[in-house]
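Structure file entry10.cif (mmCIF, C-alpha atoms) follows.
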data_run
#
loop_
_atom_site.label_atom_id
_atom_site.label_comp_id
_atom_site.auth_asym_id
_atom_site.auth_seq_id
_atom_site.Cartn_x
_atom_site.Cartn_y
_atom_site.Cartn_z
CA MET K 6 5.41 -4.81 -14.41
CA THR K 7 6.67 -4.41 -17.99
CA PRO K 8 4.98 -1.44 -19.70
CA LEU K 9 2.89 -2.14 -22.79
CA ALA K 10 4.01 -1.02 -26.22
CA PRO K 11 2.30 2.23 -27.31
CA HIS K 12 0.02 0.50 -29.82
CA GLU K 13 -1.01 -2.09 -27.24
CA LYS K 14 -2.03 0.63 -24.82
CA ILE K 15 -4.46 2.35 -27.16
CA PHE K 16 -5.62 -0.18 -29.77
CA VAL K 17 -9.41 -0.61 -29.68
CA ASP K 18 -10.59 -3.87 -31.20
CA SER K 19 -13.52 -3.73 -33.62
CA GLU K 20 -15.15 -6.42 -31.47
CA PHE K 21 -15.88 -3.71 -28.95
CA ALA K 22 -18.67 -2.42 -31.24
CA GLU K 23 -20.32 -5.84 -30.91
CA ASP K 24 -20.21 -5.92 -27.13
CA GLU K 25 -23.81 -6.33 -25.97
CA ASN K 26 -23.36 -4.09 -22.94
CA HIS K 27 -21.10 -1.26 -24.10
CA GLY K 28 -20.74 -1.58 -27.87
CA GLU K 29 -23.70 0.64 -28.69
CA LEU K 30 -22.20 3.57 -26.81
CA GLY K 31 -20.35 6.18 -28.78
CA CYS K 32 -16.86 7.05 -27.57
CA GLU K 33 -17.95 10.59 -26.76
CA GLU K 34 -20.74 9.39 -24.45
CA CYS K 35 -18.11 8.47 -21.88
CA HIS K 36 -14.93 10.23 -22.97
CA GLY K 37 -16.30 13.49 -24.35
CA GLY K 38 -14.94 15.20 -27.45
CA ASP K 39 -16.74 15.98 -30.70
CA PRO K 40 -17.04 13.11 -33.23
CA SER K 41 -18.61 15.44 -35.83
CA GLU K 42 -15.50 17.62 -36.01
CA PRO K 43 -13.32 16.65 -39.05
CA ASP K 44 -10.16 18.14 -37.52
CA TRP K 45 -8.88 15.45 -35.17
CA LYS K 46 -7.21 17.94 -32.87
CA LYS K 47 -10.45 19.84 -32.41
CA ALA K 48 -12.39 16.58 -32.15
CA HIS K 49 -10.28 15.58 -29.15
CA VAL K 50 -10.74 18.80 -27.21
CA GLY K 51 -12.26 17.91 -23.85
CA VAL K 52 -11.53 14.19 -24.12
CA VAL K 53 -11.23 12.55 -20.70
CA LYS K 54 -8.82 9.63 -20.47
CA ASP K 55 -10.52 7.96 -17.50
CA PRO K 56 -14.15 9.06 -17.28
CA SER K 57 -14.66 6.94 -14.17
CA TYR K 58 -12.27 9.00 -12.02
CA PRO K 59 -12.80 10.83 -9.77
CA ASP K 60 -16.59 10.62 -10.20
CA PRO K 61 -18.17 7.85 -12.31
CA SER K 62 -21.78 8.82 -11.59
CA GLU K 63 -22.33 10.38 -15.05
CA THR K 64 -20.67 7.52 -16.92
CA CYS K 65 -20.62 4.09 -15.27
CA GLY K 66 -23.29 5.22 -12.82
CA LEU K 67 -25.90 5.79 -15.52
CA CYS K 68 -26.25 2.01 -15.86
CA HIS K 69 -24.51 0.70 -12.74
CA GLU K 70 -26.01 3.04 -10.19
CA GLU K 71 -25.97 0.56 -7.31
CA MET K 72 -22.32 -0.31 -7.89
CA VAL K 73 -21.04 3.24 -7.99
CA GLN K 74 -23.18 4.79 -5.27
CA ASN K 75 -20.53 3.90 -2.69
CA TYR K 76 -17.59 4.45 -5.03
CA GLN K 77 -15.96 7.20 -2.98
CA SER K 78 -15.86 4.97 0.12
CA SER K 79 -13.87 2.22 -1.60
CA LEU K 80 -10.37 2.16 -0.13
CA HIS K 81 -8.99 1.80 -3.67
CA VAL K 82 -10.45 5.21 -4.49
CA SER K 83 -10.40 7.13 -1.23
CA LEU K 84 -7.08 5.77 0.06
CA SER K 85 -8.43 6.83 3.44
CA GLY K 86 -6.08 4.41 5.14
CA PHE K 87 -3.09 6.57 4.21
CA GLN K 88 -4.84 9.67 5.46
CA ALA K 89 -5.81 8.07 8.77
CA ILE K 90 -2.40 6.58 9.48
CA ILE K 91 -0.36 9.63 8.47
CA GLY K 92 -2.89 11.87 10.20
CA ALA K 93 -2.37 10.02 13.49
CA ARG K 94 1.37 10.69 13.33
CA VAL K 95 1.39 14.18 11.87
CA SER K 96 2.53 17.34 13.66
CA SER K 97 0.08 19.21 15.87
CA ASP K 98 1.17 22.43 14.17
CA PRO K 99 -1.53 23.14 11.51
CA ALA K 100 0.97 24.73 9.12
CA VAL K 101 3.32 21.74 9.29
CA ALA K 102 0.41 19.30 9.04
CA ALA K 103 -0.78 21.08 5.89
CA GLN K 104 2.63 20.63 4.26
CA VAL K 105 2.67 16.93 5.12
CA ASP K 106 -0.84 16.55 3.75
CA GLN K 107 0.16 18.26 0.52
CA ALA K 108 3.11 15.87 0.20
CA ARG K 109 0.81 12.93 0.95
CA GLU K 110 -1.52 14.04 -1.83
CA GLY K 111 1.42 14.22 -4.21
CA HIS K 112 3.00 10.88 -3.35
CA CYS K 113 0.52 8.56 -1.65
CA THR K 114 -2.55 9.14 -3.82
CA ALA K 115 -0.84 8.13 -7.06
CA CYS K 116 -1.87 4.50 -6.57
CA HIS K 117 -5.63 5.05 -6.58
CA SER K 118 -7.82 2.91 -8.79
CA SER K 119 -11.18 3.46 -10.49
CA CYS K 120 -13.89 1.54 -12.34
CA GLY K 121 -11.97 1.89 -15.59
CA GLN K 122 -8.60 1.09 -14.09
CA CYS K 123 -9.89 -2.29 -12.97
CA HIS K 124 -12.34 -3.29 -15.70
CA VAL K 125 -10.95 -1.66 -18.85
CA SER K 126 -7.29 -0.75 -18.41
CA ARG K 127 -4.33 -1.39 -16.22
CA PRO K 128 -3.92 1.07 -13.33
CA GLU K 129 -2.24 4.39 -14.06
CA ALA K 130 0.28 3.59 -11.32
CA VAL K 131 1.79 0.99 -13.70
CA GLU K 132 1.51 3.26 -16.75
CA GLY K 133 -1.96 2.16 -17.81
CA GLY K 134 -2.84 0.57 -21.13
CA LEU K 135 -6.00 -1.24 -22.24
CA LEU K 136 -6.43 -4.75 -20.85
CA GLU K 137 -7.99 -6.22 -23.96
CA SER K 138 -8.45 -3.58 -26.62
CA HIS K 139 -11.15 -1.76 -24.60
CA LEU K 140 -13.30 -4.86 -24.09
CA PHE K 141 -14.72 -4.63 -20.57
CA GLN K 142 -13.61 -7.31 -18.11
CA ARG K 143 -16.33 -8.33 -15.65
CA ARG K 144 -13.71 -9.73 -13.29
CA PRO K 145 -10.42 -7.82 -13.39
CA PRO K 146 -7.51 -10.04 -14.51
CA MET K 147 -5.36 -10.88 -11.50
CA HIS K 148 -1.97 -10.61 -13.22
CA THR K 149 -2.57 -7.30 -15.00
CA VAL K 150 -4.70 -5.48 -12.43
CA CYS K 151 -4.50 -6.84 -8.87
CA THR K 152 -0.84 -7.76 -8.75
CA ALA K 153 0.11 -4.86 -11.01
CA CYS K 154 -0.24 -2.68 -7.89
CA HIS K 155 0.11 -5.30 -5.18
CA GLY K 156 3.18 -6.89 -6.68
CA SER K 157 6.16 -6.41 -4.42
CA ARG K 158 4.63 -8.24 -1.48
CA ILE K 159 1.32 -9.96 -2.24
CA GLU K 160 2.15 -11.23 -5.73
CA LYS K 161 5.52 -12.65 -4.69
CA GLU K 162 4.01 -14.29 -1.63
CA TYR K 163 0.97 -15.71 -3.37
CA LEU K 164 2.75 -16.97 -6.48
CA GLY K 165 5.79 -18.29 -4.61
CA LYS K 166 8.28 -15.82 -6.08
CA ASN K 167 10.18 -15.39 -2.81
CA LYS K 168 13.18 -17.71 -2.88
CA GLY K 169 12.66 -20.89 -0.89
CA ILE K 170 9.00 -20.23 -0.07
CA PRO K 171 6.29 -22.12 -1.98
CA PRO K 172 3.15 -20.53 -3.44
CA ASP K 173 0.15 -20.02 -1.21
CA VAL K 174 -1.86 -23.21 -0.86
CA HIS K 175 -4.87 -21.36 -2.24
CA LYS K 176 -2.93 -20.56 -5.42
CA SER K 177 -2.30 -24.27 -5.88
CA LYS K 178 -6.08 -24.65 -5.83
CA TYR K 179 -6.28 -22.01 -8.60
CA PHE K 180 -7.89 -19.34 -6.47
CA LYS K 181 -7.83 -15.90 -8.05
CA CYS K 182 -7.99 -12.73 -5.97
CA THR K 183 -11.73 -12.38 -6.58
CA LYS K 184 -12.40 -15.72 -4.91
CA CYS K 185 -11.85 -14.05 -1.54
CA HIS K 186 -11.90 -10.34 -2.35
CA THR K 187 -15.43 -9.84 -3.62
CA ALA K 188 -17.09 -6.97 -5.44
CA ALA K 189 -18.84 -6.02 -2.19
CA GLU K 190 -15.43 -5.33 -0.64
CA MET K 191 -13.94 -3.61 -3.68
CA HIS K 192 -16.87 -1.31 -4.46
CA GLY K 193 -17.26 0.08 -0.94
CA ASP K 194 -20.32 0.18 1.28
CA GLY K 195 -20.65 3.90 1.98
CA LYS K 196 -18.64 3.80 5.19
CA THR K 197 -15.22 5.34 5.71
CA TYR K 198 -12.64 2.92 7.05
CA ALA K 199 -9.27 3.66 8.61
CA ASN K 200 -7.80 0.41 7.29
CA ARG K 201 -8.74 -2.65 5.26
CA TYR K 202 -9.22 -4.81 8.34
CA GLU K 203 -12.22 -2.74 9.37
CA VAL K 204 -14.09 -3.35 6.11
CA GLU K 205 -17.17 -5.39 6.91
CA ALA K 206 -17.06 -7.31 3.62
CA ALA K 207 -13.36 -8.15 3.94
CA PRO K 208 -12.51 -11.87 3.69
CA ARG K 209 -12.08 -14.03 6.76
CA CYS K 210 -10.64 -17.55 6.87
CA VAL K 211 -13.81 -18.81 8.57
CA ASN K 212 -15.86 -17.72 5.56
CA CYS K 213 -14.70 -20.91 3.87
CA HIS K 214 -13.41 -22.88 6.85
CA ALA K 215 -16.65 -22.58 8.79
CA ASP K 216 -16.21 -25.82 10.71
CA ILE K 217 -12.58 -25.27 11.71
CA TYR K 218 -13.39 -24.87 15.43
CA THR K 219 -16.00 -27.63 15.59
CA ASP K 220 -15.63 -31.24 16.63
CA VAL K 221 -15.67 -32.41 13.00
CA ALA K 222 -12.58 -30.39 12.06
CA ALA K 223 -9.18 -31.91 11.47
CA ASN K 224 -6.81 -31.08 14.33
CA LYS K 225 -9.85 -29.91 16.28
CA GLU K 226 -7.99 -29.84 19.61
CA GLN K 227 -5.28 -27.49 18.34
CA HIS K 228 -7.80 -25.21 16.65
CA GLN K 229 -10.10 -25.06 19.64
CA GLN K 230 -7.20 -24.42 22.02
CA HIS K 231 -5.90 -21.50 19.98
CA LYS K 232 -9.23 -19.90 19.03
CA ASP K 233 -9.22 -16.18 19.85
CA ARG K 234 -5.66 -16.53 21.13
CA VAL K 235 -3.68 -16.52 17.89
CA SER K 236 -4.61 -15.57 14.34
CA CYS K 237 -4.71 -18.23 11.65
CA GLN K 238 -1.56 -16.75 10.08
CA VAL K 239 0.49 -17.31 13.25
CA CYS K 240 0.34 -21.03 12.55
CA HIS K 241 -0.08 -21.07 8.79
CA SER K 242 2.02 -18.24 7.29
CA MET K 243 5.59 -18.42 6.06
CA PRO K 244 8.25 -15.66 6.17
CA TYR K 245 7.25 -12.50 4.30
CA LYS K 246 8.74 -9.22 3.12
CA ASN K 247 9.24 -6.33 5.54
CA CYS K 248 10.17 -2.86 4.29
CA PHE K 249 11.99 -0.07 6.10
CA SER K 250 12.53 3.69 6.07
CA CYS K 251 10.66 5.31 3.18
CA HIS K 252 11.57 8.90 2.28
CA PHE K 253 9.71 11.12 -0.19
CA GLY K 254 11.08 13.95 -2.27
CA LYS K 255 11.55 15.56 -5.68
CA ASP K 256 14.53 15.42 -8.00
CA LYS K 257 16.14 18.41 -9.75
CA GLU K 258 13.54 18.29 -12.53
CA GLY K 259 10.70 18.32 -10.00
CA TYR K 260 9.69 14.69 -10.45
CA ARG K 261 8.47 13.01 -7.31
CA TYR K 262 10.30 9.96 -6.00
CA PHE K 263 10.55 7.76 -2.96
CA LYS K 264 13.35 5.55 -1.71
CA THR K 265 13.54 2.86 0.94
CA LYS K 266 16.18 0.83 2.67
CA ASP K 267 16.65 -2.85 1.87
CA SER K 268 13.72 -5.12 2.65
CA THR K 269 14.03 -8.31 4.70
CA MET K 270 12.23 -11.66 4.77
CA GLU K 271 11.04 -12.28 8.32
CA PHE K 272 8.28 -13.92 10.32
CA LYS K 273 7.30 -12.17 13.53
CA ILE K 274 4.51 -12.78 16.02
CA GLY K 275 3.43 -9.87 18.16
CA ARG K 276 0.58 -8.46 20.18
CA ASN K 277 -2.49 -7.56 18.16
CA PRO K 278 -2.55 -3.78 17.49
CA LEU K 279 -6.13 -3.90 16.18
CA ARG K 280 -7.67 -6.14 18.79
CA SER K 281 -11.48 -5.94 18.74
CA ASP K 282 -14.60 -8.10 18.88
CA ASN K 283 -14.02 -8.95 15.23
CA ARG K 284 -10.31 -9.65 15.73
CA PRO K 285 -10.03 -10.89 19.30
CA GLU K 286 -6.71 -12.73 18.91
CA ALA K 287 -4.04 -11.75 21.40
CA PHE K 288 -1.18 -12.69 19.06
CA VAL K 289 -0.95 -12.03 15.31
CA THR K 290 1.65 -11.89 12.58
CA LEU K 291 3.23 -8.44 12.23
CA ARG K 292 4.78 -6.84 9.17
CA HIS K 293 7.10 -3.84 9.27
CA VAL K 294 5.91 -0.94 7.12
CA PRO K 295 8.40 1.59 5.74
CA VAL K 296 7.28 4.70 7.61
CA ASP K 297 10.14 6.63 9.18
CA PRO K 298 10.22 9.60 11.60
CA ASN K 299 11.80 11.61 8.77
CA SER K 300 9.71 10.31 5.86
CA PHE K 301 8.56 13.84 4.94
CA GLN K 302 11.75 15.69 5.87
CA PHE K 303 12.25 16.84 2.25
CA TYR K 304 9.10 18.94 2.60
CA VAL K 305 9.08 19.99 6.24
CA GLU K 306 11.03 19.40 9.45
CA ASN K 307 9.41 17.24 12.14
CA GLY K 308 6.38 16.55 9.97
CA LEU K 309 5.59 13.36 11.87
CA GLU K 310 5.89 14.90 15.31
CA ASN K 311 3.54 12.27 16.74
CA PHE K 312 5.34 9.37 15.11
CA ASP K 313 5.05 7.22 18.26
CA GLU K 314 1.25 7.20 18.18
CA LEU K 315 1.20 4.09 15.97
CA PRO K 316 3.50 1.07 15.66
CA THR K 317 5.69 0.49 12.65
CA TRP K 318 5.05 -3.25 12.97
CA LYS K 319 1.45 -3.61 11.79
CA LEU K 320 -1.11 -6.41 11.72
CA ALA K 321 -0.39 -8.61 8.69
CA THR K 322 -2.23 -11.36 6.86
CA PRO K 323 0.44 -12.67 4.48
CA HIS K 324 -0.66 -14.37 1.26
CA ASN K 325 1.65 -17.36 1.65
CA ILE K 326 -0.53 -19.78 3.61
CA GLN K 327 0.56 -23.39 4.03
CA ARG K 328 -1.18 -26.22 5.84
CA LYS K 329 2.13 -27.30 7.39
CA THR K 330 4.70 -24.72 8.42
CA PRO K 331 7.92 -24.76 10.48
CA GLN K 332 6.14 -23.24 13.48
CA ASN K 333 3.25 -25.73 13.55
CA GLU K 334 5.27 -28.91 13.10
CA SER K 335 5.21 -29.34 16.86
CA CYS K 336 3.99 -27.39 19.88
CA ASN K 337 7.47 -26.35 20.93
CA ASN K 338 8.42 -25.07 17.52
CA CYS K 339 6.41 -22.06 18.63
CA HIS K 340 6.02 -22.36 22.42
CA GLY K 341 9.21 -21.21 24.05
CA ASN K 342 10.74 -20.21 20.69
CA ALA K 343 11.54 -16.58 21.44
CA GLU K 344 12.99 -15.94 17.97
CA LEU K 345 9.52 -16.07 16.43
CA PHE K 346 8.26 -13.21 18.59
CA LEU K 347 8.80 -9.49 18.13
CA ARG K 348 10.95 -8.46 21.06
CA LYS K 349 12.58 -5.18 21.96
CA LYS K 350 15.87 -6.29 20.46
CA ASP K 351 14.18 -6.78 17.08
CA VAL K 352 13.01 -3.18 16.91
CA GLN K 353 15.04 -0.19 15.80
CA PRO K 354 15.95 1.85 18.92
CA GLU K 355 14.25 4.99 17.65
CA THR K 356 10.95 3.10 17.15
CA VAL K 357 10.77 1.20 20.45
CA LYS K 358 8.26 3.65 21.90
CA ALA K 359 6.10 3.51 18.76
CA ASN K 360 6.00 -0.28 18.98
CA ARG K 361 5.38 -0.53 22.72
CA THR K 362 1.88 -1.96 22.15
CA VAL K 363 3.01 -4.81 19.90
CA ILE K 364 6.38 -5.84 21.39
CA VAL K 365 6.22 -9.15 23.24
CA GLU K 366 7.90 -9.21 26.63
CA GLU K 367 9.88 -12.28 27.63
CA ASP K 368 7.25 -13.38 30.17
CA GLN K 369 4.52 -13.18 27.50
CA ILE K 370 6.08 -15.80 25.25
CA PRO K 371 4.11 -19.05 25.56
CA GLU K 372 5.89 -21.54 27.76
CA ILE K 373 7.38 -24.77 26.48
CA VAL K 374 4.85 -27.58 26.45
CA THR K 375 5.89 -30.57 28.51
CA GLU K 376 4.36 -34.03 28.38
#
Starting from the file, give its structure as structure tokens.
Amino acid sequence: MTPLAPHEKIFVDSEFAEDENHGELGCEECHGGDPSEPDWKKAHVGVVKDPSYPDPSETCGLCHEEMVQNYQSSLHVSLSGFQAIIGARVSSDPAVAAQVDQAREGHCTACHSSCGQCHVSRPEAVEGGLLESHLFQRRPPMHTVCTACHGSRIEKEYLGKNKGIPPDVHKSKYFKCTKCHTAAEMHGDGKTYANRYEVEAAPRCVNCHADIYTDVAANKEQHQQHKDRVSCQVCHSMPYKNCFSCHFGKDKEGYRYFKTKDSTMEFKIGRNPLRSDNRPEAFVTLRHVPVDPNSFQFYVENGLENFDELPTWKLATPHNIQRKTPQNESCNNCHGNAELFLRKKDVQPETVKANRTVIVEEDQIPEIVTE
């Protein structure tokens, strides 16, 4: 995302003083500082750039107590998914694990969000800057907040920026992110989740398509046949980006960086790694994530000693849904089509063991349908 010009980042419109909800507040009531001090340098002592991070209880929470009471459990704030996933792979040596965790804190927590970084400014991860001259946005703008962070995969999928792949059908109906991803999901519910698919308020296709498995649904036979056997995305997603081999480190000046290998556009069906009562499907779409056995090698040797505890091909719900796709044009575009399935040959040799629970064996590929 293109950074804002300096004046755009900090300009506060006089209309803010007329805002019925926040305009009566003095700057210092949220940001601190001393407005009575004539010396501007002294007046700015103690000013807090984002008073909603890491704890908004004494700012936003004074009026929005219900919204912020679960703030710390929001995945956008806690980033507990990173901690859970890296923690499952990390070395059993406490000293090594501590070094990995320190590196994780330095690299993986930079993309957190906060009340202010959704409703007032762009996220710090994309260099910040006020959204609209400090006027509060009840619903965060999709293009300057949501896809500012979720740009490389979700934005390109949803808006049709991947060459040859059209925008998500929901985009053509002018759905914004908040149509599916509600405040209840974003603000947290007080529970700690290991990943976004565990979140109870997370969107599900059946939230809108409630009759999809009933006798009144279009293509009812196909939907009823595949219920709990394949995820909706298996039939309705298009190829999506997969990333490989991320390594973290610091340059000569001490600035943190990460680098990955080239990404690929693929579509792979595999066994469900998060199969549960809520996600009973046997087959789902899988996306490769860029973790690597040596991701933290810059900081410590063999940091991910238990790398094989989790697959590198993870459950995916791509944002490129189409009603008609190459794989659902006919039964045998999927049945018997081994190229659609994640097989051992599709997996890097050093990650075969890690992906043992999601790889599809030849005898597990659905057989060709005959008349």
> Using only C-alpha atoms, which of K:Thr265, K:Thr375, K:Gln332, K:Asn311 sits nearest Ala93 in chain K?
Replying inline: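 Smallest separation from Ala93 in chain K among the options: K:Asn311.
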>> I need the residue nearest Gln353 in chain K from this list: K:Glu334, K:Glu203, K:Asp297, K:Glu286. Use all atoms listed in the file for the distance.
In response: K:Asp297
> If you apply the PyMOL selection byres ((chain K and resi 62) around 12) to this file, what residues do you get, as a PyMOL selection string?
Replying inline: chain K and resi 35+56-61+63-77+119-120
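Considering the residues K:Lys47, K:His340, K:Arg348, K:His155 and counting only C-alpha atoms, Val374 in chain K has its shortest atom-to-atom contact with K:His340.
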>> To test your reading of the syntax: which residues would the PyMOL selection byres ((chain K and resi 112) around 9) return for the file shown? Reply as a list in words.
In response: Gln107, Ala108, Arg109, Glu110, Gly111, Cys113, Thr114, Ala115, Cys116, Phe253, Gly254, Arg261, Tyr262 and Phe263 of chain K
> When the PyMOL selection byres ((chain K and resi 156) around 12) is applied to the file above, which residues end up in the set, as a ChimeraX atom specification?
Replying inline: /K:6,130-131,147-155,157-167,246,324
> Counting all atoms listed in the file, what is within 12 Å of Pro371 in chain K, bar same-chain residues fewer than 3 positions away, as a list in words?
Replying inline: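 After dropping sequence-adjacent residues, the list is His231, Arg234, Val235, Ile274, Gly275, Ala287, Phe288, Cys336, Asn337, Asn338, Cys339, His340, Gly341, Asn342, Ala343, Leu345, Phe346, Val365, Glu366, Glu367, Asp368 and Val374 of chain K.
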Got time to write the residues from that selection, C-alpha atoms, as a tab-separated table (two decimals), in the frame of the given file?
chain	number	residue	atom	x	y	z
K	231	HIS	CA	-5.90	-21.50	19.98
K	234	ARG	CA	-5.66	-16.53	21.13
K	235	VAL	CA	-3.68	-16.52	17.89
K	274	ILE	CA	4.51	-12.78	16.02
K	275	GLY	CA	3.43	-9.87	18.16
K	287	ALA	CA	-4.04	-11.75	21.40
K	288	PHE	CA	-1.18	-12.69	19.06
K	336	CYS	CA	3.99	-27.39	19.88
K	337	ASN	CA	7.47	-26.35	20.93
K	338	ASN	CA	8.42	-25.07	17.52
K	339	CYS	CA	6.41	-22.06	18.63
K	340	HIS	CA	6.02	-22.36	22.42
K	341	GLY	CA	9.21	-21.21	24.05
K	342	ASN	CA	10.74	-20.21	20.69
K	343	ALA	CA	11.54	-16.58	21.44
K	345	LEU	CA	9.52	-16.07	16.43
K	346	PHE	CA	8.26	-13.21	18.59
K	365	VAL	CA	6.22	-9.15	23.24
K	366	GLU	CA	7.90	-9.21	26.63
K	367	GLU	CA	9.88	-12.28	27.63
K	368	ASP	CA	7.25	-13.38	30.17
K	374	VAL	CA	4.85	-27.58	26.45
> Which distance in Å separates CA of Ser250 in chain K and CA of Ser300 in chain K, to one decimal?
Replying inline: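 Those two atoms sit 7.2 Å apart.
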>> For a quick check of understanding, using only C-alpha atoms, which of K:Asn277, K:Thr183, K:Ser177, K:Ser41 has the smallest distance to Pro208 in chain K?
In response: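 The shortest atom-to-atom distance to Pro208 in chain K comes from K:Thr183.
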Closest atom pairs, range 113-156 of chain K residues within 10 Å of range 23-31 of chain K, all atoms listed in the file, as a Markdown table:
| residue | atom | partner | partner_atom | distance |
| --- | --- | --- | --- | --- |
| K:His139 | CA | K:His27 | CA | 10.0 |
| K:Leu140 | CA | K:Asp24 | CA | 7.6 |
| K:Phe141 | CA | K:His27 | CA | 8.0 |
> In terms of the shortest atom-to-atom distance over all atoms listed in the file, which of K:Ser281, K:Asn200, K:Thr269, K:Gln227 is closest to Asn247 in chain K?
Replying inline: K:Thr269
> Expressed in Å to a single decimal, how great is the separation between CA of Ala89 in chain K and CA of Asp194 in chain K?
Replying inline: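 Taking CA of Ala89 in chain K as the start and CA of Asp194 in chain K as the end point, the length is 18.1 Å.
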